[in-house]
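Novice: Before we start, here is the structure in question, set down as structure tokens.
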Amino acid sequence: MPQSLADITPPLKRLIIRSPNWIGDAIMATPAVRALARRFAAAHIAILAKPWVAQVFIDNPHVDEVVVYDSEGGHKGIAGRLRLGRQLRRNAYDGAILLPNAIDAALIFQAAKIPVRGGYDTAFRRPLLTHAVHCTREIKRRHQVRYYLTLLAALGAPAEEEHLELITGAEARQQANATLAASGIDADAPLLGINPGAAYGTAKRWHPERFAQVADRLQHEYGLQVLIFGSAGERPVAEAVVRLMHTPAINLAGRTRLDEAMAIIERCRLFITNDSGLMHVAAALKVPLVAIFGPTNAAVTRPWSLAASVVRDPVDCAPCMQRECPLGHHACMAYIDTKHVLRAARGYLA
């Protein structure tokens, strides 16, 4: 067991946390961020995050500073990472927490000459850490929220609470209202969010025609205005859902920033989604949701919410964790019928 960071003298005053690289993982790390900030209440807490993840932490009350790590721009390649290391060195952090498992984070923080570096001993990076926590098989099987909390507890910052924390800022809410108004949606209209994409790969995507059937049925039964969410890259699958529907829907895929999408999701009565980053957004904002799982492990990444239902078919080959179905027919998704999703959805809308 490594020495507790709280026992280091003099006490750590400037801490930086390397955020996970995926939106969902970053949201699931918010309880760990809160635990660290509360344990080091007098310290300055910074987050190092990729550009598309940074907005998760902008309005987080436990974060004092967000540093953007642009690995495809100014920090690309070895020269860019050395440039980032020099930037972090000028900021004079005295402690760093590595939430991702990759060696890249350890190399950057070592290049920044941050004297205290804590994280799991994955990816052969134990020599690069001053406070390495052994990652056992049992730890790897824990839900991602508790995976991060276990690391913080081992480093001397146990959590008092485990709930997710995601704040939508005033500017994002104003922009969300403007976007909905421009789409002809009344301020008090009941909203149904549909998220048919998934950045991880096509194997995680339920069939567009089934999303369309579910959206049509719920719009007919409950008078909901249907909104289709997704990134710019997921716009084709969002357009497919709209095209297959018999009732009107608004396609927001690729039209909103993450913070704006968060503010719109917060207004939804229900969110129906594949296993994706926006699934965790809805969970953190306490929006009732139905999550459709196929090749990924629901025990590890299910929505961390009491108002969430997971719909999956326990086929023998799942969870396989493959981006594309190796069998070519997406059996784990093919066997999930619309009636299963509708049953879960009606439970929240009734």
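Lettering and numbering for the structure tokens are positional, with chains as A, B, ... in the shown order, residues counted from 1 in each chain, and ligands counted from 1 in the shown order.
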Considering only helix (DSSP H, G or I) as DSSP defines it on the backbone, what residues of segment 105-207 of chain A qualify? List them as a ChimeraX atom specification.

Specialist: /A:105-111,126-128,137-140,144-154,170-182,202-204

Novice: Can you write out the residues you just picked, keeping C-alpha atoms, as an mmCIF file, in the first residue's frame?

Specialist:
data_model
loop_
_atom_site.group_PDB
_atom_site.id
_atom_site.type_symbol
_atom_site.label_atom_id
_atom_site.label_comp_id
_atom_site.auth_asym_id
_atom_site.auth_seq_id
_atom_site.Cartn_x
_atom_site.Cartn_y
_atom_site.Cartn_z
ATOM 1 C CA ALA A 105 -0.233 10.385 -18.510
ATOM 2 C CA ALA A 106 2.670 9.191 -16.377
ATOM 3 C CA LEU A 107 5.217 10.317 -18.973
ATOM 4 C CA ILE A 108 3.666 13.793 -19.202
ATOM 5 C CA PHE A 109 3.606 14.304 -15.444
ATOM 6 C CA GLN A 110 7.176 13.062 -15.131
ATOM 7 C CA ALA A 111 8.219 15.470 -17.893
ATOM 8 C CA ARG A 126 5.049 1.652 -11.882
ATOM 9 C CA PRO A 127 8.596 3.088 -12.221
ATOM 10 C CA LEU A 128 7.072 6.417 -13.295
ATOM 11 C CA ARG A 137 -8.432 -8.472 -10.927
ATOM 12 C CA GLU A 138 -11.043 -7.788 -8.276
ATOM 13 C CA ILE A 139 -10.572 -4.018 -8.671
ATOM 14 C CA LYS A 140 -10.885 -4.297 -12.458
ATOM 15 C CA GLN A 144 -15.959 2.340 -13.085
ATOM 16 C CA VAL A 145 -17.141 4.792 -10.408
ATOM 17 C CA ARG A 146 -15.773 2.555 -7.669
ATOM 18 C CA TYR A 147 -12.674 1.743 -9.704
ATOM 19 C CA TYR A 148 -11.653 5.412 -9.485
ATOM 20 C CA LEU A 149 -12.798 5.730 -5.864
ATOM 21 C CA THR A 150 -10.707 2.696 -4.889
ATOM 22 C CA LEU A 151 -7.619 4.453 -6.261
ATOM 23 C CA LEU A 152 -8.353 7.629 -4.301
ATOM 24 C CA ALA A 153 -9.020 5.680 -1.113
ATOM 25 C CA ALA A 154 -5.675 3.886 -1.477
ATOM 26 C CA ALA A 170 -26.170 29.428 -17.134
ATOM 27 C CA GLU A 171 -24.707 30.133 -20.580
ATOM 28 C CA ALA A 172 -25.280 26.537 -21.696
ATOM 29 C CA ARG A 173 -28.884 26.634 -20.444
ATOM 30 C CA GLN A 174 -29.527 29.876 -22.314
ATOM 31 C CA GLN A 175 -28.100 28.430 -25.519
ATOM 32 C CA ALA A 176 -30.156 25.266 -25.024
ATOM 33 C CA ASN A 177 -33.336 27.350 -24.697
ATOM 34 C CA ALA A 178 -32.435 29.263 -27.856
ATOM 35 C CA THR A 179 -31.778 26.049 -29.799
ATOM 36 C CA LEU A 180 -35.077 24.513 -28.731
ATOM 37 C CA ALA A 181 -36.976 27.717 -29.515
ATOM 38 C CA ALA A 182 -35.359 27.903 -32.974
ATOM 39 C CA THR A 202 -21.189 -0.010 -34.405
ATOM 40 C CA ALA A 203 -21.503 -3.116 -32.209
ATOM 41 C CA LYS A 204 -22.882 -0.906 -29.412
#

Novice: For Arg343 of chain A, find every residue with an atom within 12 Å (counting only C-alpha atoms), except residues of its own chain fewer than 2 positions away, and show them as a PDB file with N, CA, C and O atoms, in the first residue's frame.

Specialist:
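Heads up, here's the output in result.pdb:
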ATOM      1  N   VAL A 214     -39.837   2.861 -31.293  1.00  0.00           N
ATOM      2  CA  VAL A 214     -40.046   3.220 -29.886  1.00  0.00           C
ATOM      3  C   VAL A 214     -40.410   4.695 -29.764  1.00  0.00           C
ATOM      4  O   VAL A 214     -41.335   5.068 -29.024  1.00  0.00           O
ATOM      5  N   ARG A 217     -44.013   5.308 -30.925  1.00  0.00           N
ATOM      6  CA  ARG A 217     -44.993   4.808 -29.968  1.00  0.00           C
ATOM      7  C   ARG A 217     -45.103   5.714 -28.745  1.00  0.00           C
ATOM      8  O   ARG A 217     -46.211   6.054 -28.297  1.00  0.00           O
ATOM      9  N   LEU A 218     -43.971   6.154 -28.200  1.00  0.00           N
ATOM     10  CA  LEU A 218     -44.008   6.992 -27.000  1.00  0.00           C
ATOM     11  C   LEU A 218     -44.533   8.387 -27.311  1.00  0.00           C
ATOM     12  O   LEU A 218     -45.213   9.002 -26.482  1.00  0.00           O
ATOM     13  N   VAL A 290     -33.366   4.790 -20.150  1.00  0.00           N
ATOM     14  CA  VAL A 290     -33.323   3.383 -20.524  1.00  0.00           C
ATOM     15  C   VAL A 290     -32.057   3.190 -21.339  1.00  0.00           C
ATOM     16  O   VAL A 290     -31.872   3.840 -22.376  1.00  0.00           O
ATOM     17  N   SER A 309     -32.786   2.058 -16.203  1.00  0.00           N
ATOM     18  CA  SER A 309     -33.021   0.642 -16.489  1.00  0.00           C
ATOM     19  C   SER A 309     -32.074   0.199 -17.593  1.00  0.00           C
ATOM     20  O   SER A 309     -31.915   0.905 -18.595  1.00  0.00           O
ATOM     21  N   VAL A 310     -31.459  -0.948 -17.397  1.00  0.00           N
ATOM     22  CA  VAL A 310     -30.587  -1.530 -18.414  1.00  0.00           C
ATOM     23  C   VAL A 310     -31.354  -2.634 -19.129  1.00  0.00           C
ATOM     24  O   VAL A 310     -31.907  -3.536 -18.494  1.00  0.00           O
ATOM     25  N   VAL A 311     -31.397  -2.542 -20.461  1.00  0.00           N
ATOM     26  CA  VAL A 311     -32.049  -3.564 -21.282  1.00  0.00           C
ATOM     27  C   VAL A 311     -30.964  -4.275 -22.068  1.00  0.00           C
ATOM     28  O   VAL A 311     -30.194  -3.642 -22.804  1.00  0.00           O
ATOM     29  N   ILE A 336     -32.819  -7.831 -28.825  1.00  0.00           N
ATOM     30  CA  ILE A 336     -33.507  -6.846 -27.977  1.00  0.00           C
ATOM     31  C   ILE A 336     -34.670  -6.269 -28.773  1.00  0.00           C
ATOM     32  O   ILE A 336     -34.489  -5.514 -29.725  1.00  0.00           O
ATOM     33  N   ASP A 337     -35.874  -6.637 -28.397  1.00  0.00           N
ATOM     34  CA  ASP A 337     -37.070  -6.224 -29.118  1.00  0.00           C
ATOM     35  C   ASP A 337     -37.560  -4.871 -28.596  1.00  0.00           C
ATOM     36  O   ASP A 337     -37.262  -4.482 -27.461  1.00  0.00           O
ATOM     37  N   THR A 338     -38.326  -4.170 -29.422  1.00  0.00           N
ATOM     38  CA  THR A 338     -38.870  -2.869 -28.989  1.00  0.00           C
ATOM     39  C   THR A 338     -39.748  -3.010 -27.748  1.00  0.00           C
ATOM     40  O   THR A 338     -39.819  -2.080 -26.939  1.00  0.00           O
ATOM     41  N   LYS A 339     -40.405  -4.144 -27.591  1.00  0.00           N
ATOM     42  CA  LYS A 339     -41.294  -4.294 -26.433  1.00  0.00           C
ATOM     43  C   LYS A 339     -40.520  -4.231 -25.118  1.00  0.00           C
ATOM     44  O   LYS A 339     -41.041  -3.758 -24.105  1.00  0.00           O
ATOM     45  N   HIS A 340     -39.268  -4.704 -25.129  1.00  0.00           N
ATOM     46  CA  HIS A 340     -38.456  -4.655 -23.917  1.00  0.00           C
ATOM     47  C   HIS A 340     -38.140  -3.208 -23.545  1.00  0.00           C
ATOM     48  O   HIS A 340     -38.204  -2.827 -22.368  1.00  0.00           O
ATOM     49  N   VAL A 341     -37.793  -2.407 -24.543  1.00  0.00           N
ATOM     50  CA  VAL A 341     -37.454  -1.010 -24.292  1.00  0.00           C
ATOM     51  C   VAL A 341     -38.703  -0.224 -23.925  1.00  0.00           C
ATOM     52  O   VAL A 341     -38.690   0.617 -23.015  1.00  0.00           O
ATOM     53  N   ALA A 345     -39.457   2.014 -20.617  1.00  0.00           N
ATOM     54  CA  ALA A 345     -39.770   3.435 -20.779  1.00  0.00           C
ATOM     55  C   ALA A 345     -41.094   3.787 -20.125  1.00  0.00           C
ATOM     56  O   ALA A 345     -41.200   4.826 -19.443  1.00  0.00           O
ATOM     57  N   ARG A 346     -42.107   2.967 -20.326  1.00  0.00           N
ATOM     58  CA  ARG A 346     -43.418   3.271 -19.739  1.00  0.00           C
ATOM     59  C   ARG A 346     -43.366   3.273 -18.220  1.00  0.00           C
ATOM     60  O   ARG A 346     -44.139   3.966 -17.566  1.00  0.00           O
ATOM     61  N   GLY A 347     -42.455   2.498 -17.663  1.00  0.00           N
ATOM     62  CA  GLY A 347     -42.316   2.498 -16.209  1.00  0.00           C
ATOM     63  C   GLY A 347     -41.950   3.862 -15.657  1.00  0.00           C
ATOM     64  O   GLY A 347     -42.313   4.209 -14.524  1.00  0.00           O
ATOM     65  N   TYR A 348     -41.217   4.670 -16.444  1.00  0.00           N
ATOM     66  CA  TYR A 348     -40.828   6.010 -16.003  1.00  0.00           C
ATOM     67  C   TYR A 348     -41.848   7.069 -16.421  1.00  0.00           C
ATOM     68  O   TYR A 348     -41.971   8.111 -15.761  1.00  0.00           O
ATOM     69  N   LEU A 349     -42.584   6.818 -17.500  1.00  0.00           N
ATOM     70  CA  LEU A 349     -43.503   7.837 -18.026  1.00  0.00           C
ATOM     71  C   LEU A 349     -44.916   7.712 -17.474  1.00  0.00           C
ATOM     72  O   LEU A 349     -45.694   8.664 -17.552  1.00  0.00           O
ATOM     73  N   ALA A 350     -45.259   6.536 -16.931  1.00  0.00           N
ATOM     74  CA  ALA A 350     -46.635   6.329 -16.479  1.00  0.00           C
ATOM     75  C   ALA A 350     -46.972   7.299 -15.345  1.00  0.00           C
ATOM     76  O   ALA A 350     -46.156   7.540 -14.467  1.00  0.00           O
TER      77      ALA A 350
END

Novice: Can you pull out the residues contacting His163 of chain A? Cut-off 8 Å, using only C-alpha atoms, and skip same-chain residues under 3 positions away; I want them as a list of chain:residue names.

Specialist: A:Pro31, A:Ala284, A:Trp304

Novice: Rank nothing, just name the residue among A:Leu191, A:Ile16, A:Ile103, A:Asp25 nearest to Val66 of chain A, using only C-alpha atoms.

Specialist: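 Of all the options, A:Ile16 lies closest to Val66 of chain A.
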